[in-house]
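Source file: run.cif; contents: mmCIF, C-alpha atoms (C1' of nucleotides).
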data_model
loop_
_atom_site.label_atom_id
_atom_site.label_comp_id
_atom_site.auth_asym_id
_atom_site.auth_seq_id
_atom_site.Cartn_x
_atom_site.Cartn_y
_atom_site.Cartn_z
CA MET A 1 107.02 92.04 181.48
CA LYS A 2 107.51 94.95 179.14
CA LYS A 3 110.52 93.24 177.70
CA ASN A 4 108.21 90.84 175.87
CA ILE A 5 106.60 93.56 173.88
CA LYS A 6 109.99 95.18 173.38
CA ASN A 7 111.21 91.98 171.81
CA ALA A 8 108.15 91.81 169.61
CA PHE A 9 108.58 95.38 168.49
CA SER A 10 112.26 95.08 167.81
CA ASN A 11 111.51 92.60 165.06
CA PHE A 12 110.00 95.51 163.20
CA ILE A 13 111.43 98.69 164.62
CA ASP A 14 114.87 99.73 165.79
CA PHE A 15 114.96 102.16 168.63
CA THR A 16 117.53 103.38 171.09
CA ASP A 17 117.37 102.74 174.82
CA SER A 18 116.31 106.30 175.50
CA GLU A 19 113.58 106.08 172.89
CA TRP A 20 112.43 102.85 174.46
CA LEU A 21 112.30 104.54 177.85
CA GLU A 22 109.93 107.15 176.51
CA ILE A 23 107.87 104.64 174.60
CA SER A 24 107.48 102.21 177.42
CA LYS A 25 106.12 104.92 179.70
CA LEU A 26 102.93 104.75 177.66
CA PHE A 27 102.44 101.07 178.26
CA ILE A 28 100.14 99.83 180.94
CA GLU A 29 100.54 96.44 182.51
CA LYS A 30 97.35 94.75 183.52
CA LYS A 31 96.49 91.41 185.07
CA TYR A 32 93.34 89.51 184.23
CA ASP A 33 91.78 86.83 186.35
CA LYS A 34 90.19 83.85 184.72
CA GLY A 35 86.84 84.89 183.28
CA GLU A 36 87.65 88.60 183.30
CA PHE A 37 86.86 90.59 180.18
CA PHE A 38 89.28 92.35 177.89
CA ILE A 39 86.26 93.75 176.13
CA GLN A 40 82.54 93.27 176.59
CA GLU A 41 79.81 93.38 173.99
CA GLY A 42 78.76 96.96 173.34
CA GLU A 43 81.92 98.54 174.70
CA TYR A 44 84.34 100.66 172.77
CA CYS A 45 87.73 99.14 172.20
CA ASN A 46 90.32 101.76 173.05
CA TYR A 47 93.23 99.48 173.74
CA VAL A 48 95.48 97.16 171.87
CA GLY A 49 97.22 94.66 174.05
CA PHE A 50 100.17 92.35 173.89
CA ILE A 51 99.78 89.16 175.88
CA ASP A 52 102.77 88.49 178.10
CA LYS A 53 101.22 85.47 179.71
CA GLY A 54 97.89 83.72 179.51
CA LEU A 55 95.14 83.01 177.09
CA PHE A 56 92.02 84.76 175.84
CA SER A 57 89.08 83.80 173.70
CA TYR A 58 87.32 86.03 171.22
CA TYR A 59 83.71 85.11 170.63
CA TYR A 60 80.29 86.27 169.61
CA LEU A 61 77.03 85.53 171.34
CA ILE A 62 74.73 84.32 168.59
CA ASP A 63 71.25 83.50 169.87
CA GLY A 64 72.80 83.16 173.28
CA ASN A 65 75.33 80.64 172.02
CA ARG A 66 79.01 81.27 172.30
CA SER A 67 80.58 81.23 168.88
CA THR A 68 84.36 81.31 169.26
CA ARG A 69 86.43 82.94 166.57
CA GLN A 70 89.90 83.13 167.99
CA PHE A 71 92.08 82.22 170.84
CA PHE A 72 94.74 84.75 171.66
CA PHE A 73 97.89 83.16 172.99
CA ALA A 74 100.89 84.60 174.79
CA ASN A 75 103.24 86.77 172.73
CA ASN A 76 100.53 87.89 170.39
CA PHE A 77 98.58 91.07 170.04
CA ILE A 78 95.06 91.12 171.33
CA SER A 79 92.29 93.45 170.30
CA ASN A 80 89.00 93.79 168.57
CA TYR A 81 90.98 95.66 166.02
CA SER A 82 88.14 96.44 163.63
CA CYS A 83 86.41 98.29 166.44
CA PHE A 84 89.62 99.85 167.66
CA LEU A 85 90.00 101.37 164.21
CA SER A 86 86.41 102.15 163.40
CA ASN A 87 85.43 103.45 166.85
CA GLU A 88 82.32 101.36 166.71
CA LYS A 89 80.97 99.39 169.62
CA SER A 90 82.23 95.86 169.86
CA LYS A 91 79.92 93.04 168.86
CA ALA A 92 82.48 90.56 170.09
CA ILE A 93 83.59 89.61 173.55
CA ILE A 94 87.17 88.95 174.57
CA GLN A 95 87.60 87.08 177.81
CA ALA A 96 90.51 85.61 179.75
CA LEU A 97 90.41 81.83 179.90
CA GLU A 98 93.11 81.77 182.54
CA LYS A 99 95.07 84.14 184.75
CA SER A 100 96.73 86.45 182.25
CA SER A 101 99.02 89.40 182.00
CA VAL A 102 98.81 91.96 179.22
CA THR A 103 100.71 95.06 178.16
CA LEU A 104 98.17 97.64 177.05
CA ILE A 105 98.49 100.66 174.80
CA HIS A 106 95.73 103.20 174.76
CA LYS A 107 94.59 104.50 171.41
CA SER A 108 95.70 108.02 172.29
CA SER A 109 99.12 106.74 173.34
CA LEU A 110 99.44 105.00 170.03
CA SER A 111 98.63 108.23 168.20
CA GLN A 112 101.22 109.94 170.33
CA LEU A 113 103.78 107.33 169.39
CA TYR A 114 102.89 107.72 165.74
CA GLN A 115 103.54 111.46 166.03
CA ASN A 116 106.69 111.36 168.10
CA PHE A 117 108.21 108.38 166.34
CA PRO A 118 107.22 108.37 162.68
CA LYS A 119 108.82 104.99 162.30
CA PHE A 120 106.27 103.77 164.77
CA GLN A 121 103.65 104.06 162.08
CA GLN A 122 104.86 100.67 161.03
CA LEU A 123 103.39 99.35 164.22
CA GLY A 124 99.86 99.96 163.02
CA ARG A 125 100.63 97.98 159.92
CA MET A 126 102.40 95.32 161.90
CA ILE A 127 99.43 94.70 164.11
CA THR A 128 97.00 94.65 161.24
CA GLU A 129 99.25 92.44 159.18
CA ASN A 130 99.56 90.10 162.09
CA LEU A 131 95.80 89.83 162.40
CA PHE A 132 95.46 89.57 158.65
CA LEU A 133 97.80 86.60 158.48
CA ILE A 134 96.08 84.84 161.36
CA ILE A 135 92.67 85.14 159.79
CA SER A 136 93.99 84.20 156.36
CA GLU A 137 95.32 80.97 157.77
CA LYS A 138 92.05 80.16 159.45
CA TYR A 139 90.15 80.90 156.29
CA GLU A 140 92.43 78.64 154.28
CA SER A 141 92.08 75.89 156.82
CA PHE A 142 88.30 76.03 156.43
CA LEU A 143 88.52 75.76 152.69
CA LEU A 144 91.11 73.03 152.51
CA GLU A 145 90.73 70.90 155.60
CA SER A 146 88.11 68.78 157.32
CA ALA A 147 87.15 69.40 160.93
CA GLU A 148 89.24 66.41 161.89
CA GLU A 149 92.32 67.82 160.18
CA ARG A 150 91.76 71.20 161.78
CA TYR A 151 91.53 69.51 165.14
CA LEU A 152 94.72 67.55 164.58
CA ASN A 153 96.50 70.71 163.51
CA LEU A 154 95.35 72.47 166.63
CA ILE A 155 96.68 69.67 168.80
CA GLU A 156 99.91 69.76 166.85
CA ASN A 157 100.37 73.51 167.08
CA ARG A 158 99.02 74.20 170.55
CA PRO A 159 99.60 70.94 172.37
CA LYS A 160 99.57 72.12 175.96
CA VAL A 161 97.33 75.12 175.85
CA ILE A 162 94.45 73.28 174.24
CA GLN A 163 94.24 71.02 177.23
CA ASN A 164 92.94 73.87 179.36
CA ILE A 165 90.16 74.88 177.01
CA PRO A 166 86.78 73.22 177.38
CA GLN A 167 85.80 71.15 174.41
CA TYR A 168 82.70 73.08 173.51
CA MET A 169 84.89 76.13 172.90
CA ILE A 170 87.33 74.17 170.81
CA ALA A 171 84.43 72.77 168.82
CA SER A 172 83.07 76.22 168.20
CA TYR A 173 86.53 77.42 167.21
CA LEU A 174 86.80 74.55 164.75
CA GLY A 175 83.41 75.49 163.35
CA ILE A 176 81.64 72.34 164.51
CA THR A 177 79.30 71.31 167.34
CA PRO A 178 80.48 69.74 170.60
CA GLU A 179 78.85 66.49 169.46
CA GLY A 180 80.84 66.61 166.25
CA LEU A 181 84.09 67.07 168.11
CA SER A 182 83.24 64.28 170.49
CA ARG A 183 82.77 61.93 167.57
CA ILE A 184 86.02 63.00 165.97
CA ARG A 185 87.82 62.33 169.23
CA LYS A 186 86.23 58.92 169.47
CA ARG A 187 87.20 58.11 165.90
CA LEU A 188 90.79 59.19 166.58
CA ALA A 189 90.98 57.26 169.84
CA ARG A 190 90.12 54.04 168.07
CA ARG A 191 93.39 54.20 166.13
CA MET B 192 91.49 107.57 135.78
CA LYS B 193 93.73 108.72 138.60
CA LYS B 194 90.80 110.59 140.07
CA ASN B 195 89.34 107.28 141.24
CA ILE B 196 92.27 106.54 143.46
CA LYS B 197 92.35 110.17 144.54
CA ASN B 198 88.78 109.83 145.72
CA ALA B 199 89.60 106.62 147.51
CA PHE B 200 92.60 108.19 149.22
CA SER B 201 90.78 111.32 150.23
CA ASN B 202 88.53 109.27 152.46
CA PHE B 203 91.59 108.70 154.58
CA ILE B 204 94.08 111.42 153.83
CA ASP B 205 93.78 115.14 153.21
CA PHE B 206 96.28 116.59 150.83
CA THR B 207 96.63 119.82 148.84
CA ASP B 208 96.51 119.99 145.07
CA SER B 209 100.24 120.48 144.86
CA GLU B 210 100.83 117.49 147.11
CA TRP B 211 98.51 115.46 144.95
CA LEU B 212 100.46 116.50 141.88
CA GLU B 213 103.63 115.15 143.36
CA ILE B 214 101.97 112.01 144.62
CA SER B 215 100.21 111.17 141.43
CA LYS B 216 103.44 111.31 139.46
CA LEU B 217 104.33 108.03 141.12
CA PHE B 218 101.23 106.28 139.88
CA ILE B 219 101.30 104.13 136.81
CA GLU B 220 98.20 103.46 134.78
CA LYS B 221 98.02 100.06 133.19
CA LYS B 222 95.48 98.27 131.03
CA TYR B 223 94.90 94.54 131.23
CA ASP B 224 93.27 92.42 128.58
CA LYS B 225 91.02 89.59 129.56
CA GLY B 226 93.16 86.71 130.76
CA GLU B 227 96.23 88.86 131.39
CA PHE B 228 98.03 88.40 134.70
CA PHE B 229 98.45 90.91 137.47
CA ILE B 230 100.76 88.41 139.10
CA GLN B 231 101.85 84.91 138.19
CA GLU B 232 102.74 82.05 140.47
CA GLY B 233 106.37 82.34 141.58
CA GLU B 234 106.70 86.03 140.81
CA TYR B 235 107.47 88.74 143.31
CA CYS B 236 104.67 91.16 143.97
CA ASN B 237 106.13 94.66 143.84
CA TYR B 238 102.97 96.56 143.11
CA VAL B 239 99.78 97.44 144.82
CA GLY B 240 97.02 98.42 142.44
CA PHE B 241 93.73 100.21 142.56
CA ILE B 242 91.17 98.96 140.06
CA ASP B 243 89.59 101.80 138.09
CA LYS B 244 87.62 99.48 135.87
CA GLY B 245 87.32 95.76 135.43
CA LEU B 246 87.51 92.58 137.41
CA PHE B 247 90.23 90.21 138.59
CA SER B 248 90.30 86.84 140.23
CA TYR B 249 92.79 85.69 142.81
CA TYR B 250 93.32 81.95 142.88
CA TYR B 251 95.63 79.10 143.70
CA LEU B 252 96.41 76.12 141.55
CA ILE B 253 95.94 73.14 143.83
CA ASP B 254 96.68 69.85 142.08
CA GLY B 255 96.11 71.66 138.83
CA ASN B 256 92.68 72.85 139.94
CA ARG B 257 91.82 76.48 140.16
CA SER B 258 90.85 77.35 143.69
CA THR B 259 89.45 80.88 143.72
CA ARG B 260 89.85 82.97 146.84
CA GLN B 261 88.80 86.44 145.83
CA PHE B 262 87.38 88.53 143.13
CA PHE B 263 88.72 92.05 142.99
CA PHE B 264 86.15 94.52 141.77
CA ALA B 265 86.45 98.09 140.53
CA ASN B 266 87.30 100.72 143.15
CA ASN B 267 89.16 98.30 145.33
CA PHE B 268 92.80 97.67 145.96
CA ILE B 269 94.37 94.68 144.34
CA SER B 270 97.50 92.87 145.43
CA ASN B 271 98.93 89.74 146.83
CA TYR B 272 99.57 91.84 149.85
CA SER B 273 101.15 89.17 152.02
CA CYS B 274 103.83 88.72 149.37
CA PHE B 275 104.10 92.43 148.76
CA LEU B 276 104.96 92.81 152.43
CA SER B 277 107.03 89.71 152.98
CA ASN B 278 108.96 89.84 149.70
CA GLU B 279 108.27 86.21 149.16
CA LYS B 280 107.32 84.69 145.85
CA SER B 281 103.62 84.55 145.18
CA LYS B 282 101.88 81.21 145.45
CA ALA B 283 98.72 82.80 144.13
CA ILE B 284 97.77 84.00 140.69
CA ILE B 285 95.87 87.17 139.96
CA GLN B 286 94.30 87.37 136.55
CA ALA B 287 92.00 89.78 134.73
CA LEU B 288 88.60 88.28 133.99
CA GLU B 289 87.76 91.13 131.67
CA LYS B 290 89.36 94.17 130.06
CA SER B 291 90.55 96.15 133.06
CA SER B 292 92.31 99.32 134.02
CA VAL B 293 94.46 99.67 137.12
CA THR B 294 96.44 102.41 138.85
CA LEU B 295 99.68 100.89 140.09
CA ILE B 296 102.05 101.96 142.82
CA HIS B 297 105.48 100.40 142.98
CA LYS B 298 106.76 99.34 146.34
CA SER B 299 109.63 101.83 146.13
CA SER B 300 107.20 104.61 145.27
CA LEU B 301 105.15 103.73 148.28
CA SER B 302 108.25 103.92 150.49
CA GLN B 303 108.99 107.27 148.95
CA LEU B 304 105.47 108.46 149.74
CA TYR B 305 105.84 107.21 153.28
CA GLN B 306 109.00 109.28 153.67
CA ASN B 307 107.85 112.44 151.95
CA PHE B 308 104.36 112.41 153.38
CA PRO B 309 104.34 110.93 156.84
CA LYS B 310 100.57 111.05 156.85
CA PHE B 311 100.76 108.64 153.95
CA GLN B 312 101.78 105.97 156.39
CA GLN B 313 98.08 105.59 156.98
CA LEU B 314 97.84 104.24 153.48
CA GLY B 315 99.66 101.10 154.43
CA ARG B 316 97.23 100.56 157.23
CA MET B 317 94.30 101.45 155.04
CA ILE B 318 95.16 98.84 152.47
CA THR B 319 95.79 96.16 155.04
CA GLU B 320 92.66 97.05 156.96
CA ASN B 321 90.69 96.92 153.76
CA LEU B 322 91.96 93.42 153.03
CA PHE B 323 91.48 92.43 156.64
CA LEU B 324 87.83 93.41 156.57
CA ILE B 325 87.21 91.63 153.28
CA ILE B 326 88.68 88.39 154.53
CA SER B 327 86.94 88.70 157.89
CA GLU B 328 83.60 88.89 156.14
CA LYS B 329 84.36 85.87 154.02
CA TYR B 330 85.47 83.92 157.03
CA GLU B 331 82.29 84.79 158.88
CA SER B 332 80.19 83.81 155.91
CA PHE B 333 81.82 80.38 155.89
CA LEU B 334 81.11 79.86 159.54
CA LEU B 335 77.57 81.11 159.60
CA GLU B 336 76.07 80.47 156.18
CA SER B 337 75.40 77.54 153.89
CA ALA B 338 76.70 77.54 150.34
CA GLU B 339 73.21 78.43 149.17
CA GLU B 340 73.09 81.48 151.40
CA ARG B 341 76.54 82.56 150.28
CA TYR B 342 75.41 82.23 146.69
CA LEU B 343 72.29 84.30 147.31
CA ASN B 344 74.34 86.97 149.03
CA LEU B 345 76.72 87.09 146.12
CA ILE B 346 73.84 87.59 143.69
CA GLU B 347 72.44 90.25 146.00
CA ASN B 348 75.70 92.13 146.40
CA ARG B 349 77.22 91.72 142.96
CA PRO B 350 74.22 91.30 140.72
CA LYS B 351 75.65 92.28 137.37
CA VAL B 352 79.28 91.40 137.71
CA ILE B 353 78.59 87.82 138.69
CA GLN B 354 76.90 87.26 135.38
CA ASN B 355 80.22 87.55 133.60
CA ILE B 356 82.02 85.05 135.75
CA PRO B 357 81.90 81.38 134.74
CA GLN B 358 80.11 79.24 137.26
CA TYR B 359 83.00 76.97 138.05
CA MET B 360 84.86 80.03 139.35
CA ILE B 361 81.90 81.15 141.40
CA ALA B 362 81.58 77.65 142.80
CA SER B 363 85.22 77.63 143.78
CA TYR B 364 84.83 81.06 145.35
CA LEU B 365 81.87 79.79 147.35
CA GLY B 366 83.95 76.85 148.49
CA ILE B 367 81.95 74.20 146.65
CA THR B 368 82.22 72.19 143.43
CA PRO B 369 80.59 73.19 140.14
CA GLU B 370 78.22 70.25 140.58
CA GLY B 371 77.24 71.56 143.99
CA LEU B 372 76.50 75.01 142.62
CA SER B 373 74.50 73.51 139.79
CA ARG B 374 72.33 71.67 142.29
CA ILE B 375 71.80 74.82 144.30
CA ARG B 376 70.77 76.70 141.18
CA LYS B 377 68.31 73.97 140.30
CA ARG B 378 66.89 73.99 143.79
CA LEU B 379 66.47 77.77 143.67
CA ALA B 380 64.93 77.70 140.19
CA ARG B 381 62.18 75.40 141.36
CA ARG B 382 60.86 78.13 143.64
"C1'" DG C 383 77.66 75.05 109.71
"C1'" DA C 384 80.29 71.20 111.68
"C1'" DC C 385 83.69 70.10 115.03
"C1'" DG C 386 86.16 70.15 119.24
"C1'" DT C 387 86.62 72.18 123.63
"C1'" DT C 388 85.03 74.03 127.62
"C1'" DT C 389 81.37 74.63 130.74
"C1'" DC C 390 77.12 73.17 132.88
"C1'" DT C 391 73.76 69.85 134.34
"C1'" DT C 392 72.02 65.53 136.07
"C1'" DA C 393 72.02 61.22 138.56
"C1'" DA C 394 73.61 57.66 141.93
"C1'" DC C 395 76.00 56.93 145.79
"C1'" DC C 396 78.77 58.28 149.83
"C1'" DC C 397 80.63 60.88 153.81
"C1'" DT C 398 80.86 64.48 157.15
"C1'" DG C 399 78.90 66.74 160.39
"C1'" DA C 400 74.11 68.85 162.16
"C1'" DT C 401 70.21 68.06 165.03
"C1'" DC C 402 67.58 66.09 168.67
"C1'" DA C 403 67.21 63.44 172.56
"C1'" DA C 404 69.00 60.61 176.19
"C1'" DT C 405 72.58 59.34 179.26
"C1'" DG C 406 76.92 59.84 181.76
"C1'" DT C 407 80.47 62.42 184.36
"C1'" DG C 408 82.61 65.89 187.34
"C1'" DC C 409 82.53 69.33 190.36
"C1'" DA C 410 80.75 73.00 193.47
"C1'" DA C 411 77.52 74.42 197.07
"C1'" DG C 412 74.63 73.44 200.51
"C1'" DC D 413 76.48 63.11 200.91
"C1'" DT D 414 73.43 64.66 197.45
"C1'" DT D 415 71.55 67.92 194.68
"C1'" DG D 416 72.19 70.62 190.77
"C1'" DC D 417 74.48 72.30 186.88
"C1'" DA D 418 77.71 72.44 183.25
"C1'" DC D 419 80.08 69.64 180.16
"C1'" DA D 420 80.86 65.44 177.43
"C1'" DT D 421 79.35 61.33 175.14
"C1'" DT D 422 76.41 58.39 172.44
"C1'" DG D 423 72.83 56.95 169.22
"C1'" DA D 424 69.43 57.72 165.55
"C1'" DT D 425 68.21 60.30 161.92
"C1'" DC D 426 68.88 63.82 158.37
"C1'" DA D 427 70.76 67.24 155.04
"C1'" DG D 428 74.35 69.37 152.40
"C1'" DG D 429 77.55 68.83 149.46
"C1'" DG D 430 81.55 65.66 147.57
"C1'" DT D 431 82.76 62.21 143.97
"C1'" DT D 432 82.27 59.91 139.79
"C1'" DA D 433 80.55 59.41 135.44
"C1'" DA D 434 77.67 60.59 131.76
"C1'" DG D 435 75.41 63.61 128.76
"C1'" DA D 436 73.81 68.38 127.23
"C1'" DA D 437 74.74 73.10 126.05
"C1'" DA D 438 77.50 76.89 124.72
"C1'" DC D 439 81.14 78.73 122.28
"C1'" DG D 440 85.08 79.53 119.34
"C1'" DT D 441 87.25 78.38 115.22
"C1'" DC D 442 88.11 76.79 110.85
#
Could you write out this file's structure as structure tokens?
Amino acid sequence: MKKNIKNAFSNFIDFTDSEWLEISKLFIEKKYDKGEFFIQEGEYCNYVGFIDKGLFSYYYLIDGNRSTRQFFFANNFISNYSCFLSNEKSKAIIQALEKSSVTLIHKSSLSQLYQNFPKFQQLGRMITENLFLIISEKYESFLLESAEERYLNLIENRPKVIQNIPQYMIASYLGITPEGLSRIRKRLARR
Amino acid sequence: MKKNIKNAFSNFIDFTDSEWLEISKLFIEKKYDKGEFFIQEGEYCNYVGFIDKGLFSYYYLIDGNRSTRQFFFANNFISNYSCFLSNEKSKAIIQALEKSSVTLIHKSSLSQLYQNFPKFQQLGRMITENLFLIISEKYESFLLESAEERYLNLIENRPKVIQNIPQYMIASYLGITPEGLSRIRKRLARR
DNA sequence: GACGTTTCTTAACCCTGATCAATGTGCAAG
DNA sequence: CTTGCACATTGATCAGGGTTAAGAAACGTC
């Protein structure tokens, strides 16, 4: 599945086949079963991943309640990137919602890539920019849209995947309670 | 005022005095009067700045209404960084709220720095990470706090500066209407 | 110092979604 | 099958903040 990440990279970086051979040696492929953790609360985050297949959720436990911040879908990077960078323990939890397959890069491998391939420095920016854009969009959607609109957008943009996610997680992701989402769904169904 | 940005950089990058001499040649110091624009809607954003002194607001015009997203304070980077990176025209406006002083770096100068000082590549990450953290915090505050709490935090964290900003901008920044903020202020005053 | 403009406040009413509590549904394990 | 648990729905009530419209205050300018 390394070709997925190769495709993703090649949008940003040109490299030769022999370079790619050396680079891809540093990648680790890992499978996750449903419910398995990419990172647990209190752990250090030493990997950035690229999801070849599957789905993860990124959430906090606030007073024992799951508060979902992100879903990570296939063909996107996955990480608690703040912690990856800051070397602090993760306050968030990242967990597979279904059987998934990820290409991992260890922090030290990334440093190695930065050194051996200066152009690879762009990768660090690329990942951060990627995350930056995702969060910007979410932030905008909170300012400009109602919960109902956010829900409709989610259905629009992630039609199939959303079907596999329990509603209380979707609600939390939308920033509302399960009851709130249930009412929105009822309201929409009446049309 | 270049020493401000030097201090900021030296948290991330070590360089010698002679390196710094070469680097700092690429910086441009610019003064902004109150109301002057760092970037206008529809312009390309070819500069990243570092605010030595002053205050800027970053906003959209939505149906003619100012919708404030950020304030940029002294000793922080300033940019419409998405546009800086993507080379698209800015949809946002960045405007000085008071007499300000900024150290600018042109995009081409930054590329030059990247080439001449590979370790400078970190700068790109640093800026993006900086913006990423800022927006993450704001996003969290929207999910977890009421407008009143966000207002109190703002007073707590930016006690003096906030006094110079008209309330309708603060309201917009907090994601509420001026009327809403007025009510909150009244409620707080009664205590 | 009077005027117009911009900003801020207040009030009445409305809407969205939170909270709390009860009920319903689906599925897994015994 | 049935017991139990997690998840979803529903209803009643409530609070925060939006909208609209009006007036008050602050400020710049002549």
Hey, which bits of chain D sit within 9 Å of chain B, and for each residue what's the closest pair of atoms and how far apart in Å (one decimal), counting all atoms listed in the file, rows by chain and increasing number, as a tab-separated table?
residue	atom	partner	partner_atom	distance
D:DG428	C1'	B:Ser337	CA	8.4
D:DG429	C1'	B:Gly371	CA	6.1
D:DG430	C1'	B:Thr368	CA	7.8
Residue contacts of Ser108 (chain A) (12 Å, all atoms listed in the file) excluding same-chain residues fewer than 2 positions away, as a PDB file with C-alpha atoms, in the frame of the given file:
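The resulting result-v8.pdb:
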ATOM      1  CA  LEU A  26     102.930 104.750 177.660  1.00  0.00           C
ATOM      2  CA  PHE A  27     102.440 101.070 178.260  1.00  0.00           C
ATOM      3  CA  CYS A  45      87.730  99.140 172.200  1.00  0.00           C
ATOM      4  CA  ASN A  46      90.320 101.760 173.050  1.00  0.00           C
ATOM      5  CA  TYR A  47      93.230  99.480 173.740  1.00  0.00           C
ATOM      6  CA  VAL A  48      95.480  97.160 171.870  1.00  0.00           C
ATOM      7  CA  PHE A  84      89.620  99.850 167.660  1.00  0.00           C
ATOM      8  CA  LEU A  85      90.000 101.370 164.210  1.00  0.00           C
ATOM      9  CA  LEU A 104      98.170  97.640 177.050  1.00  0.00           C
ATOM     10  CA  ILE A 105      98.490 100.660 174.800  1.00  0.00           C
ATOM     11  CA  HIS A 106      95.730 103.200 174.760  1.00  0.00           C
ATOM     12  CA  LEU A 110      99.440 105.000 170.030  1.00  0.00           C
ATOM     13  CA  SER A 111      98.630 108.230 168.200  1.00  0.00           C
ATOM     14  CA  GLN A 112     101.220 109.940 170.330  1.00  0.00           C
ATOM     15  CA  LEU A 113     103.780 107.330 169.390  1.00  0.00           C
ATOM     16  CA  TYR A 114     102.890 107.720 165.740  1.00  0.00           C
ATOM     17  CA  GLN A 115     103.540 111.460 166.030  1.00  0.00           C
TER      18      GLN A 115
END
Excluding Phe77 (chain A) and residues on its chain fewer than 2 positions from it, collect all residues at most 10 Å away from it, counting all atoms listed in the file, and give them as a ChimeraX atom specification. /A:5,8,48-52,72-75,79,81,102-104,126-128,130-131
Any chance you could resolve the PyMOL selection byres ((chain B) within 9 of (chain C)) against this file and give the residues as a PyMOL selection string? chain B and resi 357-359+369-370+373-374
Kindly save the residues from that selection, with C-alpha atoms included, as a PDB file, in the coordinates of the input.
ATOM      1  CA  PRO B 357      81.900  81.380 134.740  1.00  0.00           C
ATOM      2  CA  GLN B 358      80.110  79.240 137.260  1.00  0.00           C
ATOM      3  CA  TYR B 359      83.000  76.970 138.050  1.00  0.00           C
ATOM      4  CA  PRO B 369      80.590  73.190 140.140  1.00  0.00           C
ATOM      5  CA  GLU B 370      78.220  70.250 140.580  1.00  0.00           C
ATOM      6  CA  SER B 373      74.500  73.510 139.790  1.00  0.00           C
ATOM      7  CA  ARG B 374      72.330  71.670 142.290  1.00  0.00           C
TER       8      ARG B 374
END
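Take the candidates B:Met360, B:Ile326, B:Ile269, B:Ile230 and check each one against Lys282 (chain B) using only C-alpha atoms; the shortest distance goes to B:Ile230.
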Taking all atoms listed in the file into account, produce a table as a tab-separated table in which each residue of chain B with an atom at most 12 Å from an atom of chain A appears once, together with its shortest atom pair and the distance in Å to one decimal, ordered by chain and rising number.
residue	atom	partner	partner_atom	distance
B:Tyr250	CA	A:Glu140	CA	11.9
B:Tyr251	CA	A:Glu140	CA	11.1
B:Ile253	CA	A:Leu144	CA	9.9
B:Ser258	CA	A:Leu143	CA	9.4
B:Thr259	CA	A:Leu143	CA	10.4
B:Arg260	CA	A:Glu140	CA	9.0
B:Gln261	CA	A:Tyr139	CA	11.9
B:Tyr272	CA	A:Glu129	CA	9.4
B:Ser273	CA	A:Leu133	CA	7.7
B:Cys274	CA	A:Leu133	CA	11.1
B:Phe275	CA	A:Glu129	CA	11.5
B:Leu276	CA	A:Glu129	CA	8.8
B:Ser277	CA	A:Glu129	CA	10.3
B:Ser302	CA	A:Gln122	CA	11.5
B:Tyr305	CA	A:Pro118	CA	9.6
B:Gln306	CA	A:Pro118	CA	9.2
B:Asn307	CA	A:Pro118	CA	11.5
B:Phe308	CA	A:Pro118	CA	10.5
B:Pro309	CA	A:Pro118	CA	7.0
B:Lys310	CA	A:Pro118	CA	9.2
B:Phe311	CA	A:Gln121	CA	9.8
B:Gln312	CA	A:Gln121	CA	6.3
B:Gln313	CA	A:Gln121	CA	7.7
B:Leu314	CA	A:Arg125	CA	9.4
B:Gly315	CA	A:Arg125	CA	6.4
B:Arg316	CA	A:Arg125	CA	5.0
B:Met317	CA	A:Arg125	CA	8.7
B:Ile318	CA	A:Arg125	CA	9.3
B:Thr319	CA	A:Thr128	CA	6.5
B:Glu320	CA	A:Thr128	CA	6.6
B:Asn321	CA	A:Phe132	CA	10.0
B:Leu322	CA	A:Phe132	CA	7.7
B:Phe323	CA	A:Phe132	CA	5.3
B:Leu324	CA	A:Ser82	CA	7.7
B:Ile325	CA	A:Phe132	CA	10.1
B:Ile326	CA	A:Ser136	CA	7.0
B:Ser327	CA	A:Ile135	CA	7.0
B:Glu328	CA	A:Tyr139	CA	10.3
B:Lys329	CA	A:Tyr139	CA	8.0
B:Tyr330	CA	A:Tyr139	CA	5.6
B:Glu331	CA	A:Arg69	CA	8.9
B:Ser332	CA	A:Tyr139	CA	10.4
B:Phe333	CA	A:Phe142	CA	7.8
B:Leu334	CA	A:Gly175	CA	6.2
B:Leu335	CA	A:Gly175	CA	8.9
B:Glu336	CA	A:Gly175	CA	11.4
B:Ser363	CA	A:Leu143	CA	9.7
B:Tyr364	CA	A:Leu143	CA	9.8
B:Leu365	CA	A:Leu143	CA	9.4
B:Gly366	CA	A:Leu143	CA	6.3
B:Ile367	CA	A:Leu143	CA	9.1
B:Thr368	CA	A:Leu143	CA	11.8
Can you measure CA of Lys30 (chain A) to CA of Asn65 (chain A) for me? One decimal in Å is fine. 28.6 Å
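The space between CA of Arg378 (chain B) and C1' of DA437 (chain D) spans 19.4 Å.
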In Å to one decimal, how far is CA of Glu22 (chain A) from CA of Lys107 (chain A)? 16.4 Å
